[in-house]
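Following: one structure in structure tokens, then a few remarks.
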Amino acid sequence: RDKHDEIIVLEKLDGSNCAIARVNSVIFALTRAGYIASTSPYEQHHHFEKWVMRQQQRFFEILNDGERLNGEWLMQAHGTRYKLPHEPFVAFDLMTGAERMPYDEVLGRINRAEIVTPHLLHRGAPLSTDNAMRLLNVYGFHGALDPVEGAVWRVERNELIHPNRSERRRILDFLVKYVRPDKIDGVYL
């Protein structure tokens, strides 16, 4: 829209959306809906909970009370199979309530604990879906054995917070995701 926008385009991964939360100095593994992972009817969430509990110290290092780290749990194939070159959790957001932190803050916090993030395809001006898919090639950057799912656009903005002093702060304004039209959700479940 203007010089205060920045577009960040990331590879979209196909797993189970999960989170790690810190509440009252306790680490919790959560499903997408916010339930404790160990209460899920799905075995993959029980594995996620065990994985998180074995590594609590990593999450204490990056999460403050009331924050959660959201990502894709790639242990079980959904619509894309992977031969992962890294651990099965790929983090894409750091949140407090409904507020998402800006990309650089997310990276700065999670890089301390060596958490994997989606591959950065582009940063700067707008990027078309065709160009994003060309940058992904067929299999992306996380060991996909099937064509990659798509991409996510993070539109961040230096938002004006005090018009009289021209003060600005970095915010994530909105997200957009593109999933290739021939992808079949859950084909491997």
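Going by the structure tokens order, chains are called A, B, ..., each with residues numbered from 1, while ligands are numbered from 1 in the order shown.
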Segment 62-104 of chain A residues near segment 31-49 of chain A within 10 Å, closest pair each, using only C-alpha atoms, as a tab-separated table:
```
residue	atom	partner	partner_atom	distance
A:Asn70	CA	A:Arg32	CA	8.6
A:Gly71	CA	A:Arg32	CA	9.3
A:Glu72	CA	A:Arg32	CA	9.6
A:Trp73	CA	A:Phe48	CA	7.2
A:Leu74	CA	A:Gln44	CA	9.1
A:Met75	CA	A:Gln44	CA	6.8
A:Gln76	CA	A:Gln44	CA	6.6
A:Pro88	CA	A:Phe48	CA	9.0
A:Phe89	CA	A:Phe48	CA	8.6
```
Can I get the selection written as a PDB file, in the first residue's frame, with N, CA, C and O atoms?
```pdb
ATOM      1  N   ASN A  70       3.477 -21.155  17.910  1.00  0.00           N
ATOM      2  CA  ASN A  70       2.632 -21.943  17.016  1.00  0.00           C
ATOM      3  C   ASN A  70       3.466 -22.488  15.873  1.00  0.00           C
ATOM      4  O   ASN A  70       4.394 -21.827  15.397  1.00  0.00           O
ATOM      5  N   GLY A  71       3.105 -23.695  15.424  1.00  0.00           N
ATOM      6  CA  GLY A  71       3.834 -24.279  14.311  1.00  0.00           C
ATOM      7  C   GLY A  71       3.138 -25.510  13.764  1.00  0.00           C
ATOM      8  O   GLY A  71       2.040 -25.864  14.188  1.00  0.00           O
ATOM      9  N   GLU A  72       3.806 -26.146  12.827  1.00  0.00           N
ATOM     10  CA  GLU A  72       3.307 -27.380  12.214  1.00  0.00           C
ATOM     11  C   GLU A  72       4.044 -28.574  12.805  1.00  0.00           C
ATOM     12  O   GLU A  72       5.277 -28.597  12.825  1.00  0.00           O
ATOM     13  N   TRP A  73       3.295 -29.551  13.278  1.00  0.00           N
ATOM     14  CA  TRP A  73       3.829 -30.819  13.752  1.00  0.00           C
ATOM     15  C   TRP A  73       3.764 -31.765  12.565  1.00  0.00           C
ATOM     16  O   TRP A  73       2.678 -32.117  12.086  1.00  0.00           O
ATOM     17  N   LEU A  74       4.909 -32.175  12.060  1.00  0.00           N
ATOM     18  CA  LEU A  74       5.010 -32.915  10.807  1.00  0.00           C
ATOM     19  C   LEU A  74       5.289 -34.402  11.001  1.00  0.00           C
ATOM     20  O   LEU A  74       5.828 -35.053  10.113  1.00  0.00           O
ATOM     21  N   MET A  75       4.921 -34.932  12.152  1.00  0.00           N
ATOM     22  CA  MET A  75       5.196 -36.330  12.438  1.00  0.00           C
ATOM     23  C   MET A  75       4.375 -37.270  11.553  1.00  0.00           C
ATOM     24  O   MET A  75       4.847 -38.330  11.165  1.00  0.00           O
ATOM     25  N   GLN A  76       3.149 -36.896  11.232  1.00  0.00           N
ATOM     26  CA  GLN A  76       2.251 -37.749  10.468  1.00  0.00           C
ATOM     27  C   GLN A  76       1.892 -37.061   9.156  1.00  0.00           C
ATOM     28  O   GLN A  76       1.570 -35.874   9.145  1.00  0.00           O
ATOM     29  N   PRO A  88      10.595 -32.649  13.827  1.00  0.00           N
ATOM     30  CA  PRO A  88       9.273 -32.605  13.214  1.00  0.00           C
ATOM     31  C   PRO A  88       8.413 -31.371  13.525  1.00  0.00           C
ATOM     32  O   PRO A  88       7.293 -31.288  13.052  1.00  0.00           O
ATOM     33  N   PHE A  89       8.919 -30.410  14.297  1.00  0.00           N
ATOM     34  CA  PHE A  89       8.145 -29.196  14.584  1.00  0.00           C
ATOM     35  C   PHE A  89       8.778 -28.023  13.852  1.00  0.00           C
ATOM     36  O   PHE A  89       9.983 -27.799  13.934  1.00  0.00           O
TER      37      PHE A  89
END
```
* Write out as an NGL selection string all residues of chain A that backbone DSSP assigns to helix (DSSP H, G or I). => :A and (37-39 or 43-54 or 56-62 or 103-113 or 129-136)
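Close contacts of segment 111-114 of chain A, defined as residues with an atom at most 10 Å away when counting only C-alpha atoms, with chain neighbours fewer than 2 positions off set aside, comprise Gln57, Arg58, Phe59, Phe60, Glu61, Ile62, Glu105, Val106, Leu107, Gly108, Arg109, Val116 and Thr117 of chain A.
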* To do: Measuring atom to atom with only C-alpha atoms, identify which of A:Arg170, A:Arg22, A:Lys83, A:Arg154 is nearest to Thr96 of chain A.
  => A:Arg22
Which of segment 11-187 of chain A counts as strand (DSSP E or B) under DSSP, as a short mmCIF file (atom, residue, chain, number, x, y, z; two decimals) with C-alpha atoms, in the first residue's frame please?
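For reference, out_22.cif as written:
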```cif
data_model
loop_
_atom_site.label_atom_id
_atom_site.label_comp_id
_atom_site.auth_asym_id
_atom_site.auth_seq_id
_atom_site.Cartn_x
_atom_site.Cartn_y
_atom_site.Cartn_z
CA GLU A 11 6.84 -21.96 2.55
CA LYS A 12 3.51 -23.41 3.73
CA SER A 16 -0.98 -30.56 12.34
CA ASN A 17 -1.13 -27.01 13.67
CA CYS A 18 0.06 -27.21 17.29
CA ALA A 19 1.46 -24.86 19.92
CA ILE A 20 3.69 -24.70 22.97
CA ALA A 21 2.39 -22.33 25.66
CA ARG A 22 3.87 -21.02 28.88
CA VAL A 23 1.26 -20.32 31.54
CA VAL A 26 4.43 -24.21 33.21
CA ILE A 27 4.96 -25.44 29.62
CA PHE A 28 1.94 -26.94 27.85
CA ALA A 29 1.67 -28.74 24.50
CA LEU A 30 -1.55 -27.69 22.75
CA THR A 31 -3.59 -28.70 19.71
CA ILE A 36 -3.94 -29.99 25.99
CA GLU A 67 2.97 -16.54 25.22
CA ARG A 68 2.71 -19.45 22.82
CA LEU A 69 4.76 -20.71 19.93
CA ASN A 70 2.63 -21.94 17.02
CA GLY A 71 3.83 -24.28 14.31
CA GLU A 72 3.31 -27.38 12.21
CA TRP A 73 3.83 -30.82 13.75
CA TYR A 82 8.11 -35.51 4.19
CA PHE A 89 8.15 -29.20 14.58
CA VAL A 90 8.40 -26.08 12.40
CA ALA A 91 7.45 -22.83 14.17
CA PHE A 92 5.74 -20.02 12.28
CA ASP A 93 4.30 -17.66 14.95
CA LEU A 94 4.94 -16.37 18.44
CA MET A 95 1.76 -15.03 20.00
CA THR A 96 0.32 -13.39 23.09
CA GLU A 99 -1.57 -10.78 18.80
CA ARG A 100 1.16 -12.14 16.54
CA VAL A 116 13.18 -24.71 12.76
CA LEU A 120 11.89 -17.69 3.64
CA LEU A 121 11.07 -17.31 -0.06
CA HIS A 122 10.93 -13.54 -0.33
CA ARG A 123 11.04 -10.36 1.69
CA GLY A 124 10.22 -6.84 0.47
CA ALA A 144 8.62 -32.88 0.85
CA GLY A 150 1.84 -23.58 -1.05
CA ALA A 151 3.02 -20.37 0.60
CA VAL A 152 2.07 -17.87 3.32
CA TRP A 153 2.31 -14.10 2.97
CA ARG A 154 2.90 -12.09 6.16
CA VAL A 155 2.05 -8.44 5.57
CA GLU A 156 3.87 -6.41 8.19
CA ARG A 157 3.61 -2.69 8.62
CA ASN A 158 5.33 0.14 10.42
CA GLU A 159 2.10 1.41 11.95
CA LEU A 160 1.73 5.03 13.00
CA ILE A 161 1.10 5.15 16.76
CA HIS A 162 1.42 8.88 17.44
CA GLU A 167 6.13 7.42 15.98
CA ARG A 168 5.72 3.98 14.47
CA ARG A 169 5.81 0.37 15.67
CA ARG A 170 6.16 -2.84 13.69
CA ILE A 171 3.00 -4.98 13.52
CA LEU A 172 1.80 -8.01 11.61
CA ASP A 173 -1.14 -6.50 9.76
CA PHE A 174 -2.52 -9.66 8.17
CA LEU A 175 -1.72 -13.11 6.77
CA VAL A 176 -2.66 -14.66 3.45
CA LYS A 177 -2.06 -18.24 2.41
CA TYR A 178 -2.11 -19.92 -0.96
CA VAL A 179 -2.65 -23.67 -1.28
#
```
* Of the residues A:Leu10, A:Lys50, A:Gly79, A:Asp5, which is the one nearest to Asp185 of chain A, using only C-alpha atoms? ->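 Among the listed residues, the smallest separation from Asp185 of chain A belongs to A:Gly79.
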* Suppose you want the space between atom CA of Thr80 of chain A and atom CA of Asp146 of chain A; what is it in Å? -> 5.5 Å
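The environment of Met133 of chain A within 9 Å, counting only C-alpha atoms and disregarding residues fewer than 3 places along the same chain, consists of Ser128, Thr129, Asp130, Leu136, Asn137, Val138, Gly140, Val148, Gly150, Ala151 and Arg180 of chain A.
Interatomic distance, atom CA of Ile115 of chain A to atom CA of Leu145 of chain A: 22.1 Å.
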* Asked: atom CA of Leu13 of chain A and atom CA of Val187 of chain A are how many Å apart?
  ->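 Between atom CA of Leu13 of chain A and atom CA of Val187 of chain A the gap is 14.9 Å.
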